[in-house]
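Novice: Take a look at this one; I'll ask things after.
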Amino acid sequence: MTSLELKPINKTGKFYRSFVVFTILSVYLLILAGGIVRSTGSGMGCPDWPKCFGMWIPPTDASQLPADYQTIFGAKLKGEVEFNAVKTWIEYANRLLGALTGLFILVATIASVRYLRKDAVVFYCTLSSLLLTGFQGWLGSKVVSSELSPSMVTLHMLLAIVIVFVLLYAMARSYAGVVRDQETPNKPLLNRLVVLIVGLTLTQILLGTQVREAMDEVIMKMGYNTRDAWVSQLGLKFYIHRSFSALILLLHLGLGYIVLKNHPAGSLIYKMTMAIIGSVVVEIATGITLAYLGVPALAQPIHLTLAVVAVGLQFVLLLAINSDRVFKHSVRHQLQDVLN
Ligand code: HEM
């Protein structure tokens, strides 16, 4: 354990630390919103991008659109366009939240400039998340222009996870000198187990997006009003995804056992582990709900968001286990300050 009493890097760091947490929550909200867009079939609620039906604030009624709007926007998309106010506004709210999140990441990047001297990694990570978000926005436009091509949707999802990880890492480093690093009993074993869990959960998320792609194809064929029959048409991908969650659950129970035996109930590692196990259990429960209760629209965005919440928590747990390495730079800098 570090015997130095570490002081917070500076007061401005305090704003960054709170704001980056807020920004990460906003990214999660955006993932949830994206899930709602899909589960309500609102992806084409705005047929163009960045405007919506050629307007910055979309209409609430078809009478506000030109009489030949179907020809104008349908031609752009090589498909049919039917105005539906609810779907249009769900998609529009999603885009607004996207713009707001981009703005939050920009503010976080500006706030992280103060870290350049003490820990440049905080700045570069926050800046990378800003650039990746810009790329994500561009990809979002391609998702629309490709008429929701499955591979684009999957890439969009993976990039969202990368952005969350980069922000979480910047957040963790910014807490150097605020949170003390802890000694971790059974560290090598825990490290190996949690790395395995993160890897397998990411694999499970990829398998999930495959199921989702299969689901999109089924929906295209069968239409939105046959929810009860969708899952029976998914095939092997679904069974692999379902079985894989048993392995994931087993590993989490193993993790829970090790932590229960070796870590005090109030410790960060203990609390994080319990939160992760809770999120995985609820994730599996929503999966079962989707599969056997006729794919309720409400469960779809929850299943998607919880998957990213779980893997985000796992990543933070990994950082907590290795807090001595994550905070190493802070000790070095403070020693330099003392020597100067
Ligand atoms: C650790 C466990 C699990 C994780 C991390 C996970 C993750 C995911 C992810 C990321 C998706 C894609 C969602 C989207 O893109 O909208 C998905 C889809 C899906 N998952 Fe899971 N899943 C898990 C367990 C399960 C279980 C146990 C079942 C069923 C018994 C299940 C059934 C489904 C179904 C039916 C879909 C397609 C949903 C849709 O198209 O909206 N999942 N899963």
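Going through the structure tokens in order, the chains are called A, B, and so on, while each chain numbers its residues from 1 and the ligands are numbered from 1 in the order shown.
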Which of stretch 115-237 of chain A end up as helix (DSSP H, G or I) when DSSP is run on this backbone - answer as number ranges by chain?

Specialist: A: 115, 120-145, 150-174, 187-222, 227-233, 236-237

Novice: Given the selection you just returned, output its residues as a file containing C-alpha atoms, formatted as an mmCIF file, in the first residue's frame.

Specialist:
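Result file follows (again10.cif):
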data_model
loop_
_atom_site.group_PDB
_atom_site.id
_atom_site.type_symbol
_atom_site.label_atom_id
_atom_site.label_comp_id
_atom_site.auth_asym_id
_atom_site.auth_seq_id
_atom_site.Cartn_x
_atom_site.Cartn_y
_atom_site.Cartn_z
ATOM 1 C CA TYR A 115 -4.219 17.243 -16.674
ATOM 2 C CA ALA A 120 -1.270 13.606 -20.051
ATOM 3 C CA VAL A 121 -2.951 10.204 -20.495
ATOM 4 C CA VAL A 122 -6.175 11.644 -19.013
ATOM 5 C CA PHE A 123 -6.156 14.353 -21.676
ATOM 6 C CA TYR A 124 -5.236 12.065 -24.580
ATOM 7 C CA CYS A 125 -7.862 9.485 -23.607
ATOM 8 C CA THR A 126 -10.586 12.128 -23.328
ATOM 9 C CA LEU A 127 -9.489 13.644 -26.640
ATOM 10 C CA SER A 128 -9.555 10.174 -28.257
ATOM 11 C CA SER A 129 -13.101 9.640 -26.998
ATOM 12 C CA LEU A 130 -14.047 12.960 -28.639
ATOM 13 C CA LEU A 131 -12.504 11.941 -31.979
ATOM 14 C CA LEU A 132 -14.085 8.483 -31.765
ATOM 15 C CA THR A 133 -17.453 10.096 -31.029
ATOM 16 C CA GLY A 134 -17.064 12.252 -34.152
ATOM 17 C CA PHE A 135 -16.353 9.079 -36.113
ATOM 18 C CA GLN A 136 -19.334 7.412 -34.430
ATOM 19 C CA GLY A 137 -21.563 10.302 -35.582
ATOM 20 C CA TRP A 138 -20.313 9.848 -39.147
ATOM 21 C CA LEU A 139 -20.912 6.090 -38.860
ATOM 22 C CA GLY A 140 -24.424 6.871 -37.606
ATOM 23 C CA SER A 141 -25.106 8.738 -40.844
ATOM 24 C CA LYS A 142 -23.838 5.708 -42.790
ATOM 25 C CA VAL A 143 -26.120 3.447 -40.731
ATOM 26 C CA VAL A 144 -29.069 5.501 -42.003
ATOM 27 C CA SER A 145 -27.847 5.769 -45.596
ATOM 28 C CA PRO A 150 -26.453 -5.166 -40.049
ATOM 29 C CA SER A 151 -22.653 -4.921 -40.164
ATOM 30 C CA MET A 152 -22.823 -1.146 -39.775
ATOM 31 C CA VAL A 153 -25.165 -1.477 -36.797
ATOM 32 C CA THR A 154 -22.735 -3.939 -35.150
ATOM 33 C CA LEU A 155 -19.712 -1.711 -35.802
ATOM 34 C CA HIS A 156 -21.663 1.205 -34.348
ATOM 35 C CA MET A 157 -22.280 -0.833 -31.178
ATOM 36 C CA LEU A 158 -18.642 -1.959 -30.813
ATOM 37 C CA LEU A 159 -17.419 1.600 -31.187
ATOM 38 C CA ALA A 160 -19.825 2.687 -28.429
ATOM 39 C CA ILE A 161 -18.150 0.156 -26.099
ATOM 40 C CA VAL A 162 -14.676 1.400 -27.069
ATOM 41 C CA ILE A 163 -15.745 4.991 -26.277
ATOM 42 C CA VAL A 164 -17.101 3.888 -22.872
ATOM 43 C CA PHE A 165 -13.850 2.010 -22.068
ATOM 44 C CA VAL A 166 -11.632 4.958 -23.051
ATOM 45 C CA LEU A 167 -13.701 7.355 -20.912
ATOM 46 C CA LEU A 168 -13.729 4.911 -17.980
ATOM 47 C CA TYR A 169 -9.949 4.620 -18.162
ATOM 48 C CA ALA A 170 -9.534 8.416 -18.230
ATOM 49 C CA MET A 171 -11.959 8.677 -15.308
ATOM 50 C CA ALA A 172 -10.054 6.050 -13.286
ATOM 51 C CA ARG A 173 -6.706 7.805 -13.830
ATOM 52 C CA SER A 174 -8.177 11.162 -12.891
ATOM 53 C CA LYS A 187 -4.393 -10.460 -7.431
ATOM 54 C CA PRO A 188 -2.925 -12.707 -10.190
ATOM 55 C CA LEU A 189 -5.910 -15.080 -10.016
ATOM 56 C CA LEU A 190 -8.444 -12.242 -9.951
ATOM 57 C CA ASN A 191 -6.698 -10.530 -12.851
ATOM 58 C CA ARG A 192 -6.786 -13.643 -15.001
ATOM 59 C CA LEU A 193 -10.398 -14.362 -14.132
ATOM 60 C CA VAL A 194 -11.656 -10.817 -14.757
ATOM 61 C CA VAL A 195 -9.722 -10.516 -18.058
ATOM 62 C CA LEU A 196 -11.357 -13.802 -19.109
ATOM 63 C CA ILE A 197 -14.773 -12.515 -18.009
ATOM 64 C CA VAL A 198 -14.354 -9.228 -19.935
ATOM 65 C CA GLY A 199 -13.226 -11.160 -23.042
ATOM 66 C CA LEU A 200 -16.097 -13.627 -22.869
ATOM 67 C CA THR A 201 -18.676 -10.922 -22.181
ATOM 68 C CA LEU A 202 -17.438 -8.978 -25.227
ATOM 69 C CA THR A 203 -17.714 -12.212 -27.230
ATOM 70 C CA GLN A 204 -21.232 -12.686 -25.866
ATOM 71 C CA ILE A 205 -22.113 -9.119 -26.912
ATOM 72 C CA LEU A 206 -20.868 -9.906 -30.432
ATOM 73 C CA LEU A 207 -22.919 -13.121 -30.414
ATOM 74 C CA GLY A 208 -25.877 -11.025 -29.220
ATOM 75 C CA THR A 209 -25.487 -8.638 -32.148
ATOM 76 C CA GLN A 210 -25.490 -11.693 -34.453
ATOM 77 C CA VAL A 211 -28.779 -12.770 -32.884
ATOM 78 C CA ARG A 212 -30.015 -9.256 -33.318
ATOM 79 C CA GLU A 213 -29.041 -9.263 -37.015
ATOM 80 C CA ALA A 214 -30.856 -12.572 -37.451
ATOM 81 C CA MET A 215 -33.804 -10.998 -35.635
ATOM 82 C CA ASP A 216 -33.770 -8.010 -38.012
ATOM 83 C CA GLU A 217 -33.927 -10.386 -40.982
ATOM 84 C CA VAL A 218 -36.829 -12.277 -39.390
ATOM 85 C CA ILE A 219 -38.640 -8.979 -38.738
ATOM 86 C CA MET A 220 -38.094 -7.953 -42.382
ATOM 87 C CA LYS A 221 -39.669 -11.208 -43.520
ATOM 88 C CA MET A 222 -42.476 -11.514 -40.988
ATOM 89 C CA ARG A 227 -43.403 -10.859 -32.231
ATOM 90 C CA ASP A 228 -44.397 -14.203 -30.689
ATOM 91 C CA ALA A 229 -43.019 -16.122 -33.683
ATOM 92 C CA TRP A 230 -39.711 -14.254 -34.152
ATOM 93 C CA VAL A 231 -37.467 -16.258 -31.781
ATOM 94 C CA SER A 232 -38.482 -19.645 -33.233
ATOM 95 C CA GLN A 233 -37.009 -18.453 -36.583
ATOM 96 C CA LEU A 236 -28.372 -21.773 -34.298
ATOM 97 C CA LYS A 237 -27.042 -18.297 -33.465
#

Novice: Using only C-alpha atoms and all ligand atoms, find the one residue out of A:Thr23, A:Thr60, A:Ser39, A:Thr226 that sits nearest to ligand 1.

Specialist: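 Ranking A:Thr23, A:Thr60, A:Ser39, A:Thr226 by distance to ligand 1, first place goes to A:Ser39.
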
Novice: Between atom CA of A:Gly256 and atom CA of A:Leu306, measure the distance and give it in Å to one decimal.

Specialist: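 Pair atom CA of A:Gly256 / atom CA of A:Leu306 returns 18.8 Å.
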